[in-house]
Amino acid sequence: MHRKNLWRGLPRLAAGAALVAGVSGAWAQDGVQIYGRGNVGLDRYDATGATAGPAIHRTRLYDAISRLGFRGTEDLGGGYKAVFQMEAGVNFDTGTDRAQDGTANTNVGAFLRDTFVGLDTPAGRFTAGRQSVYWQNGAIIPASNFYINADVPFFTGVSTGRLPLLISRVNNSIMYTTPTLGGANASFSVSPTTSPGPGFVDSETVAPGAAHDARLHGLTVRWQGAPYAAQLDVAHKRTSSDAVAGLRPSGTGLKVMAGWRYMPGAQISVIGVRVALKDLAVPMAGFAARGDDLSQFGWGFAWEHMITPKIQLLASAGVLRDAKGCTSVVAGAAGRGCKDTGATSYMVAARYLFSKRTAVYASLNQVKNRANGTLDYTGMALNAVPNLSPGADPRIIALGIIHNF
C-alpha cells in the first residue's frame with residue numbers, strides 16, 4: 001500500500017517541482033526583486049497644554065511606515081525597459097490597517113503604497129498607477145522616511161495642522177520623469193482624482209451627468225551637483241466645477257529645499273513650505289469660514305552627521321507661522337481665527353548601525369503649538385487621537401529598530 005501510494009504521488013510531486021522551477025525561472029528572467037522595511041519601536045506619546053481638552057499620555061508599541069514590495073524590469077531592447085512596482089504598507093505592531101489613533105491608515109494594506117507599471121525609454125520614464133506626488137523630500141531631508149520614526153511634521157508639506165492639503169500618494173496618476181541632464185531632472189504628474197480634504201471630491205465617484213473635471217497636477221524638479229543638492233515641489237488640486245455651489249475649492253502646495261553634504265555621511269539642509277486652500281467648502285470651527293482663502297508658511301533646517309562609521313546623529317527644527325486669510329473670528333480662545341495657529345517643532349536622534357541595512361535608534365520629537373495650533377504627527381500615522389485639541393503640545397520619545405531588506 002505504501003509503495004503504491006508513493007508511485008501514485010510521484011506525478012504530483014513532479015508537477016509541483018516543475019511549477020516551482022518555472023516560477024523561479026520567470027522571476028530570475030524578469031528581474032523581480034522582493035524588498036521592504038520593518039520599523040518598529042516602543043514610544044511614549046504625551047500631549048499637554050491644550051486650550052481646551054484633556055491631556056494625553058500613551059505608552060505604545062508602534063510601527064513607523066513599514067512596507068513590503070515587489071519591483072522588476074524587462075529589457076525590451078533599443079534602450080527600452082518595462083518597469084513595475086507593487087508596494088504594500090505593513091503594520092508589524094498589529095497586523096491590521098489601524099494607525100496609532102485608531103483610524104484606518106490609508107497607506108497600509110495590499111499595494112496601497114506606490115504601485116505602478118510603465119516604460120523606461122531614451123526620452124524618460126512613463127508610469128501610471130498610484131504614485132507619490134509632491135510630498136517626498138528624498139535624500140535632502142530624509143530623517144522620517146529612512147532613518148527613524150518621525151521628524152518635523154510640516155516638512156512633507158502635506159498638512160500644517162490647520163490646513164490639510166493632503167497630497168501624497170495619488171490614485172490614477174500618470175507621471176513622466178525626464179532624463180537627467182547636467183545633474184537635473186523633473187517629474188510631471190496629472191490625475192483626474194483629487195486628494196481628500198475639506199470639500200474635495202473625486203472625478204471617478206461623482207454622480208452620472210455631473211462634471212468630471214476634478215484634477216490634480218504635480219511638478220518636482222531635482223538637481224544634484226556634489227556636494228550640493230536642491231529640489232522644488234509644486235502641486236495643485238481642484239474639485240469638480242459643480243461639486244460645491246458658488247465655490248471651486250482648490251489646494252496648492254509649494255516646497256523649496258537645498259542641502260550641502262559637507263563631508264561623507266554629513267549634511268545640513270534648509271526647507272521652506274507653503275500650503276494654500278482656496279474657496280474653503282467646509283467651515284472649520286473656531287478657525288475659518290466657508291469661502292475663505294487660506295495660506296500658511298513654515299521653514300526649517302535638518303542636520304545629519306556620522307561621528308563614527310557606526311554612530312549617526314540627527315537633528316531638525318522648524319517654525320510654522322500663523323495662517324492667513326481667516327474671516328471667522330469669534331470671541332474667546334475657541335474662535336481665534338488665524339491668530340495663534342503657528343507652531344515650533346524639533347527633533348533630536350541618534351542611531352547605531354549594526355550594518356548597512358539594520359540600525360537601532362533613540363529619538364525625541366516635540367511640537368509646541370500656539371493657542372490655536374493643531375500640528376501633530378499625522379503624516380507619520382503616530383498621532384494618538386484623530387484631531388488634536390488646539391494648543392496641545394505633542395511629544396514622542398522613542399526607541400526603535402529599523403531593518404531594510
# chains A, B, ... in the order shown; residues from 1 in each chain; ligands from 1
$ residues_around --residues "Ala88 in chain A" --least-positions-apart "3" --cutoff "9 Å" --atoms "only C-alpha atoms" --output "list in words"
Ser66, Arg67, Leu68, Gly69, Phe70, Asn107, Val108, Gly109, Ala110, Phe111, Leu112, Arg113, Asp114 and Thr115 of chain A
$ closest_residue --among "A:Leu277, A:Val360, A:Ala99, A:Ala143" --to "Ala317 in chain A" --atoms "only C-alpha atoms"
A:Ala143
$ closest_residue --among "A:Val83, A:Met284, A:Leu313, A:Leu163" --to "Arg71 in chain A" --atoms "only C-alpha atoms"
A:Val83
$ closest_residue --among "A:Asn91, A:Thr308, A:Ser316, A:Asn185" --to "Val270 in chain A" --atoms "only C-alpha atoms"
A:Ser316
$ residues_around --residues "range 291-293 of chain A" --least-positions-apart "2" --cutoff "6 Å" --atoms "only C-alpha atoms" --output "tab-separated table (two decimals) with N, CA and C atoms, in the first residue's frame"
chain	number	residue	atom	x	y	z
A	277	LEU	N	-5.18	76.92	0.66
A	277	LEU	CA	-6.51	76.40	0.32
A	277	LEU	C	-7.38	77.57	-0.13
A	278	LYS	N	-8.03	77.43	-1.28
A	278	LYS	CA	-8.88	78.49	-1.82
A	278	LYS	C	-10.32	78.03	-1.87
A	279	ASP	N	-11.26	78.95	-1.63
A	279	ASP	CA	-12.69	78.64	-1.64
A	279	ASP	C	-13.02	77.48	-0.70
A	280	LEU	N	-12.66	77.64	0.55
A	280	LEU	CA	-12.90	76.59	1.54
A	280	LEU	C	-14.38	76.22	1.55
A	289	ALA	N	-14.04	80.26	7.90
A	289	ALA	CA	-15.42	80.21	7.42
A	289	ALA	C	-15.46	79.67	5.99
A	325	GLY	N	-5.79	84.65	6.12
A	325	GLY	CA	-6.99	84.58	5.31
A	325	GLY	C	-8.27	84.23	6.04
$ atom_distance --atom1 "CA of Arg98 in chain A" --atom2 "CA of Ala235 in chain A"
27.8 Å
$ residues_around --residues "Ile396 in chain A" --least-positions-apart "5" --cutoff "10 Å" --atoms "only C-alpha atoms" --output "mmCIF file with C-alpha atoms, in the first residue's frame"
data_model
loop_
_atom_site.group_PDB
_atom_site.id
_atom_site.type_symbol
_atom_site.label_atom_id
_atom_site.label_comp_id
_atom_site.auth_asym_id
_atom_site.auth_seq_id
_atom_site.Cartn_x
_atom_site.Cartn_y
_atom_site.Cartn_z
ATOM 1 C CA ASP A 43 7.466 55.104 22.485
ATOM 2 C CA ARG A 44 5.867 57.497 24.929
ATOM 3 C CA TYR A 45 3.390 59.988 23.458
ATOM 4 C CA ASP A 46 2.295 62.965 25.588
ATOM 5 C CA ALA A 47 0.202 65.979 24.574
ATOM 6 C CA ARG A 58 0.208 56.915 25.981
ATOM 7 C CA THR A 59 2.920 54.257 26.115
ATOM 8 C CA ASN A 149 10.224 57.212 13.338
ATOM 9 C CA ALA A 150 9.268 60.888 12.877
ATOM 10 C CA MET A 347 13.776 66.520 16.572
ATOM 11 C CA SER A 363 14.648 59.892 19.188
ATOM 12 C CA LEU A 364 12.862 62.841 20.742
ATOM 13 C CA ASN A 365 10.219 64.690 18.696
ATOM 14 C CA GLN A 366 8.436 67.762 20.077
ATOM 15 C CA VAL A 367 5.808 70.177 18.755
ATOM 16 C CA TYR A 377 2.423 63.644 13.787
ATOM 17 C CA LEU A 382 1.905 58.373 15.013
ATOM 18 C CA ASN A 383 -0.682 60.812 16.348
#
$ select_by_dssp --residues "range 132-349 of chain A" --states "strand (DSSP E or B)" --output "PyMOL selection string"
chain A and resi 132+159+164+169-177+181+184-191+193+202+215-225+228-238+244+247+250-263+266-278+284+288+294-306+311-320+324+343-349
$ closest_residue --among "A:Pro192, A:His212, A:Leu165, A:Pro179" --to "Thr252 in chain A" --atoms "only C-alpha atoms"
A:Leu165
$ closest_atom_pairs --of "range 45-150 of chain A" --to "range 254-265 of chain A" --cutoff "10 Å" --atoms "only C-alpha atoms" --output "tab-separated table"
residue	atom	partner	partner_atom	distance
A:Tyr134	CA	A:Lys255	CA	8.3
A:Trp135	CA	A:Lys255	CA	8.7
A:Asn137	CA	A:Met257	CA	8.2
A:Ala139	CA	A:Gly259	CA	8.8
A:Ile140	CA	A:Gly259	CA	5.5
A:Ile141	CA	A:Gly259	CA	8.0
$ write_last_selection --atoms "N, CA and C atoms" --output "compact mmCIF listing (two decimals), in the first residue's frame"
# COMPACT_ATOMS: atom_id res chain seq x y z
N TYR A 134 4.58 65.18 -4.89
CA TYR A 134 4.83 66.37 -4.09
C TYR A 134 5.48 66.13 -2.73
N TRP A 135 5.06 65.16 -1.96
CA TRP A 135 5.36 65.16 -0.53
C TRP A 135 6.74 64.63 -0.16
N ASN A 137 10.76 64.21 0.16
CA ASN A 137 11.89 65.13 0.19
C ASN A 137 13.21 64.46 -0.17
N ALA A 139 16.71 62.56 -0.48
CA ALA A 139 17.89 62.49 0.39
C ALA A 139 18.25 63.83 0.99
N ILE A 140 17.52 64.91 0.62
CA ILE A 140 17.86 66.22 1.18
C ILE A 140 17.41 66.32 2.63
N ILE A 141 16.18 65.87 2.92
CA ILE A 141 15.69 65.84 4.30
C ILE A 141 15.06 64.46 4.51
$ select_by_dssp --residues "range 79-286 of chain A" --states "helix (DSSP H, G or I)" --output "VMD selection string"
chain A and resid 143 to 147 153 to 156
$ closest_residue --among "A:Ala381, A:Ala285, A:Ala362, A:Ala276" --to "Leu399 in chain A" --atoms "only C-alpha atoms"
A:Ala362
$ residues_around --residues "Tyr346 in chain A" --least-positions-apart "2" --cutoff "12 Å" --atoms "only C-alpha atoms" --output "ChimeraX atom specification"
/A:150-155,299-303,314-320,343-344,348-349,363-369,393-396
$ closest_residue --among "A:Thr327, A:Ser345, A:Gln267, A:Asn39" --to "Phe287 in chain A" --atoms "only C-alpha atoms"
A:Thr327
